$ cat model24.cif   # mmCIF, C-alpha atoms
data_query
#
loop_
_atom_site.label_atom_id
_atom_site.label_comp_id
_atom_site.auth_asym_id
_atom_site.auth_seq_id
_atom_site.Cartn_x
_atom_site.Cartn_y
_atom_site.Cartn_z
CA MET Q 290 146.43 32.70 175.78
CA SER Q 291 150.01 31.66 175.19
CA SER Q 292 151.55 28.29 174.45
CA ILE Q 293 154.09 28.25 177.28
CA PRO Q 294 154.25 24.68 178.64
CA PRO Q 295 152.94 24.05 182.17
CA PRO Q 296 155.46 24.08 185.02
CA HIS Q 297 155.30 20.33 185.66
CA SER Q 298 157.05 19.61 182.33
CA TYR Q 299 160.48 20.91 183.34
CA SER Q 300 162.95 20.62 186.18
CA PRO Q 301 163.06 23.95 188.01
CA GLY Q 302 166.51 23.51 189.57
CA TRP Q 303 165.56 24.60 193.08
CA GLU Q 304 168.40 25.01 195.53
CA LYS Q 305 166.43 25.90 198.63
CA VAL Q 306 162.90 26.68 199.78
CA ILE Q 307 162.45 29.29 202.53
CA TYR Q 308 159.00 29.29 204.10
CA TYR Q 309 157.45 32.35 205.71
CA ASP Q 310 156.04 30.22 208.53
CA ASP Q 311 154.98 26.67 209.37
CA SER Q 312 151.76 26.97 207.36
CA HIS Q 313 153.71 26.59 204.07
CA ARG Q 314 151.37 29.14 202.48
CA LEU Q 315 154.15 31.41 201.28
CA ALA Q 316 157.73 30.64 200.35
CA ILE Q 317 160.66 31.95 198.41
CA VAL Q 318 162.22 29.34 196.17
CA ILE Q 319 165.90 29.92 195.50
CA SER Q 320 167.04 28.81 192.07
CA GLU Q 321 170.25 26.89 191.39
CA HIS Q 322 170.65 29.07 188.32
CA THR Q 323 171.93 32.63 188.28
CA LEU Q 324 169.50 35.03 186.65
CA ASP Q 325 171.10 37.84 184.71
CA ILE Q 326 168.39 40.47 184.41
CA LYS Q 327 169.24 43.06 181.78
CA THR Q 328 165.81 44.25 180.71
CA LYS Q 329 162.80 45.69 182.47
CA GLU Q 330 160.48 43.22 180.69
CA PHE Q 331 161.48 40.55 183.21
CA ILE Q 332 161.01 42.72 186.28
CA ILE Q 333 158.10 41.99 188.62
CA ASN Q 334 157.48 44.80 191.07
CA LEU Q 335 156.66 44.41 194.74
CA PRO Q 336 153.75 46.50 196.02
CA ASP Q 337 154.42 49.68 198.00
CA LYS Q 338 150.81 49.79 199.26
CA GLU Q 339 147.87 47.42 199.65
CA VAL Q 340 145.85 46.95 196.48
CA GLY Q 341 142.55 48.83 196.38
CA ILE Q 342 139.09 47.29 196.42
CA SER Q 343 137.57 46.86 192.94
CA SER Q 344 140.99 47.07 191.29
CA ASN Q 345 141.02 45.35 187.90
CA CYS Q 346 143.86 42.86 187.89
CA VAL Q 347 144.89 39.62 186.23
CA ALA Q 348 145.66 36.15 187.60
CA PHE Q 349 147.86 33.70 185.72
CA GLY Q 350 147.64 29.93 185.89
CA TRP Q 351 148.39 26.77 183.95
CA TRP Q 352 145.99 24.63 181.99
CA ASP Q 353 147.35 22.87 178.86
CA CYS Q 354 149.12 26.19 178.42
CA GLN Q 355 149.44 29.42 180.38
CA ILE Q 356 146.10 31.13 181.00
CA SER Q 357 145.21 34.57 182.26
CA LEU Q 358 141.99 35.39 184.07
CA ASP Q 359 140.37 38.72 184.88
CA ALA Q 360 140.63 39.38 188.61
CA ILE Q 361 138.72 41.98 190.63
CA ILE Q 362 139.76 42.66 194.24
CA ILE Q 363 136.93 42.19 196.78
CA GLY Q 364 136.52 44.05 200.09
CA ARG Q 365 137.57 42.27 203.28
CA GLU Q 366 134.03 42.38 204.77
CA GLN Q 367 132.56 40.52 201.79
CA CYS Q 368 135.52 38.17 201.83
CA LEU Q 369 134.98 37.41 205.54
CA SER Q 370 131.29 36.72 204.95
CA ASP Q 371 132.25 34.07 202.38
CA TRP Q 372 135.33 32.81 204.26
CA PRO Q 373 134.84 33.37 208.05
CA GLU Q 374 138.22 31.81 208.91
CA LEU Q 375 140.12 34.13 206.57
CA ARG Q 376 143.65 34.87 207.79
CA GLU Q 377 144.73 38.41 208.64
CA ASP Q 378 147.16 38.47 205.69
CA ASP Q 379 144.56 37.29 203.15
CA MET Q 380 142.37 39.22 200.74
CA CYS Q 381 139.90 37.98 198.11
CA VAL Q 382 139.53 38.24 194.37
CA ASN Q 383 136.77 37.34 191.90
CA VAL Q 384 138.28 35.59 188.89
CA THR Q 385 136.55 35.20 185.54
CA SER Q 386 137.63 33.91 182.17
CA SER Q 387 136.90 35.44 178.80
CA LEU Q 388 137.94 32.19 177.11
CA LYS Q 389 135.36 30.34 175.04
CA ILE Q 390 136.17 27.14 176.88
CA HIS Q 391 135.29 26.43 180.51
CA ILE Q 392 138.27 26.82 182.86
CA ASN Q 393 137.93 25.37 186.35
CA ALA Q 394 139.49 28.20 188.36
CA CYS Q 395 139.50 25.97 191.45
CA THR Q 396 142.01 23.66 189.77
CA TYR Q 397 144.18 25.77 187.53
CA ILE Q 398 145.11 28.85 189.54
CA VAL Q 399 146.15 27.52 192.97
CA GLY Q 400 149.48 29.19 193.78
CA SER Q 401 149.14 31.64 190.89
CA PRO Q 402 150.13 35.30 191.12
CA VAL Q 403 147.67 38.19 190.96
CA PHE Q 404 149.06 41.23 189.13
CA CYS Q 405 147.73 44.79 189.12
CA ASP Q 406 149.58 47.26 186.88
CA HIS Q 407 152.79 45.15 186.71
CA VAL Q 408 152.84 44.72 190.50
CA VAL Q 409 152.38 41.29 192.10
CA VAL Q 410 149.76 41.87 194.81
CA GLY Q 411 148.92 38.31 195.82
CA ILE Q 412 149.33 34.57 195.51
CA ILE Q 413 146.05 32.63 195.16
CA GLY Q 414 145.31 30.09 197.88
CA GLU Q 415 143.93 26.56 197.86
CA ASP Q 416 140.53 27.45 199.36
CA CYS Q 417 138.02 27.45 196.55
CA ASN Q 418 134.29 27.42 195.97
CA ILE Q 419 133.34 28.35 192.42
CA GLU Q 420 130.44 30.44 193.81
CA LYS Q 421 132.70 32.55 196.08
CA PRO Q 422 135.66 34.89 195.64
CA ARG Q 423 139.13 33.30 195.92
CA PRO Q 424 141.27 34.05 198.99
CA PHE Q 425 144.85 35.08 198.27
CA VAL Q 426 147.90 35.90 200.37
CA SER Q 427 148.64 39.63 200.27
CA VAL Q 428 152.20 40.15 199.06
CA TYR Q 429 152.17 43.68 200.53
CA LYS Q 430 151.81 42.29 204.05
CA HIS Q 431 154.99 40.25 203.48
CA VAL Q 432 157.16 42.79 201.63
CA ASP Q 433 159.59 43.29 204.54
CA TRP Q 434 160.13 39.53 204.89
CA ILE Q 435 160.56 39.14 201.10
CA LYS Q 436 163.13 41.95 200.89
CA SER Q 437 165.14 40.78 203.91
CA THR Q 438 165.13 37.17 202.66
CA LEU Q 439 166.24 38.26 199.19
CA GLU Q 440 169.04 40.37 200.69
CA GLN Q 441 170.27 37.39 202.74
CA HIS Q 442 170.35 35.10 199.70
CA GLN Q 443 171.45 37.52 197.02
CA THR Q 444 173.46 35.48 194.52
CA PHE Q 445 172.33 36.96 191.27
CA SER Q 446 173.32 39.72 188.89
CA ARG Q 447 170.90 42.55 188.25
CA ASP Q 448 170.99 45.98 186.71
CA TYR Q 449 168.01 47.28 188.70
CA PRO Q 450 167.50 47.94 192.44
CA LEU Q 451 165.96 45.23 194.60
CA SER Q 452 162.70 47.17 194.95
CA LYS Q 453 162.26 46.90 191.18
CA ASN Q 454 163.42 43.28 191.08
CA ALA Q 455 160.83 41.59 193.24
CA PHE Q 456 161.60 38.01 192.38
CA LYS Q 457 164.91 36.41 191.47
CA TYR Q 458 163.09 33.64 193.17
CA LEU Q 459 159.65 32.34 192.63
CA LEU Q 460 156.99 33.07 195.21
CA GLN Q 461 154.69 30.14 195.68
CA LEU Q 462 151.80 29.65 197.98
CA SER Q 463 151.56 26.21 199.46
CA PHE Q 464 153.59 23.10 200.15
CA TRP Q 465 151.45 21.30 197.57
CA VAL Q 466 152.11 23.85 194.85
CA ILE Q 467 155.85 23.98 195.50
CA PHE Q 468 156.26 20.23 195.13
CA TYR Q 469 153.73 19.95 192.31
CA ALA Q 470 156.08 21.38 189.69
#

$ encode --input "model24.cif" --output "structure tokens"
Amino acid sequence: MSSIPPPHSYSPGWEKVIYYDDSHRLAIVISEHTLDIKTKEFIINLPDKEVGISSNCVAFGWWDCQISLDAIIIGREQCLSDWPELREDDMCVNVTSSLKIHINACTYIVGSPVFCDHVVVGIIGEDCNIEKPRPFVSVYKHVDWIKSTLEQHQTFSRDYPLSKNAFKYLLQLSFWVIFYA
């Protein structure tokens, strides 16, 4: 667990928010600030394939500080049995905490990224029941939109190709999460 302050304690300097569709479930947030990426440590990769079932991943969220939770990808059939109205671009993940304190995953990881092997595979949704896996938006199913949107709004300096530099912008999940910060 790190001591990075939660996102609501700073002004993000957003210039523009571009939504994928009217559902406000996925957006690219364009920063007012130029990011000068010179090192691979700051690179977040986009997926080149859908994440596999049972993949061991990690989800990040905010509590009093940044938290990370173990995340295991669940098959679509099981996900649909728990969430019958699951969208076509959603998958599910079981999240657990190894922390000694109780973390309410329904509260602290809405809009959080799911990473598998340094690749962002999803953004966790608002639907939550502590007894069920969490639905998340599959980033893979939106890669073409992400890349074309980034190309249209490319105002940053980078030393790596776009495919390696997934986010100059911050992907967020819902209208609520975007305006929460």

$ closest_residue --input "model24.cif" --among "Q:Ile363, Q:Cys417, Q:Met380, Q:Leu375" --to "Cys395 in chain Q" --atoms "only C-alpha atoms"
Q:Cys417

$ atom_distance --input "model24.cif" --atom1 "CA of Val399 in chain Q" --atom2 "CA of Asp416 in chain Q"
8.5 Å

$ resolve_selection --input "model24.cif" --expression "the PyMOL selection byres ((chain Q and resi 377) around 10)" --output "number ranges by chain"
Q: 365, 374-376, 378-380, 426-427, 430

$ residues_around --input "model24.cif" --residues "Val410 in chain Q" --least-positions-apart "4" --cutoff "9 Å" --atoms "only C-alpha atoms" --output "PDB file with C-alpha atoms, in the frame of the given file"
ATOM      1  CA  LEU Q 335     156.660  44.410 194.740  1.00  0.00           C
ATOM      2  CA  PRO Q 336     153.750  46.500 196.020  1.00  0.00           C
ATOM      3  CA  GLU Q 339     147.870  47.420 199.650  1.00  0.00           C
ATOM      4  CA  VAL Q 340     145.850  46.950 196.480  1.00  0.00           C
ATOM      5  CA  PRO Q 402     150.130  35.300 191.120  1.00  0.00           C
ATOM      6  CA  VAL Q 403     147.670  38.190 190.960  1.00  0.00           C
ATOM      7  CA  PHE Q 404     149.060  41.230 189.130  1.00  0.00           C
ATOM      8  CA  CYS Q 405     147.730  44.790 189.120  1.00  0.00           C
ATOM      9  CA  VAL Q 426     147.900  35.900 200.370  1.00  0.00           C
ATOM     10  CA  SER Q 427     148.640  39.630 200.270  1.00  0.00           C
ATOM     11  CA  VAL Q 428     152.200  40.150 199.060  1.00  0.00           C
ATOM     12  CA  TYR Q 429     152.170  43.680 200.530  1.00  0.00           C
TER      13      TYR Q 429
END

$ closest_residue --input "model24.cif" --among "Q:Cys368, Q:Ile317, Q:Ile333, Q:Ala348" --to "Ile412 in chain Q" --atoms "only C-alpha atoms"
Q:Ala348

$ closest_residue --input "model24.cif" --among "Q:Ile319, Q:Tyr308, Q:Tyr397, Q:Glu366" --to "Trp351 in chain Q" --atoms "all atoms listed in the file"
Q:Tyr397

$ resolve_selection --input "model24.cif" --expression "the PyMOL selection byres ((chain Q and resi 362) around 6)" --output "MDAnalysis selection string"
chainID Q and resid 342:344 361 363 382

$ resolve_selection --input "model24.cif" --expression "the PyMOL selection byres ((chain Q and resi 433) around 12)" --output "ChimeraX atom specification"
/Q:309,335-337,428-432,434-440,451-452,455

$ atom_distance --input "model24.cif" --atom1 "CA of Ile419 in chain Q" --atom2 "CA of Asn345 in chain Q"
19.2 Å

$ atom_distance --input "model24.cif" --atom1 "CA of Thr385 in chain Q" --atom2 "CA of Pro424 in chain Q"
14.3 Å
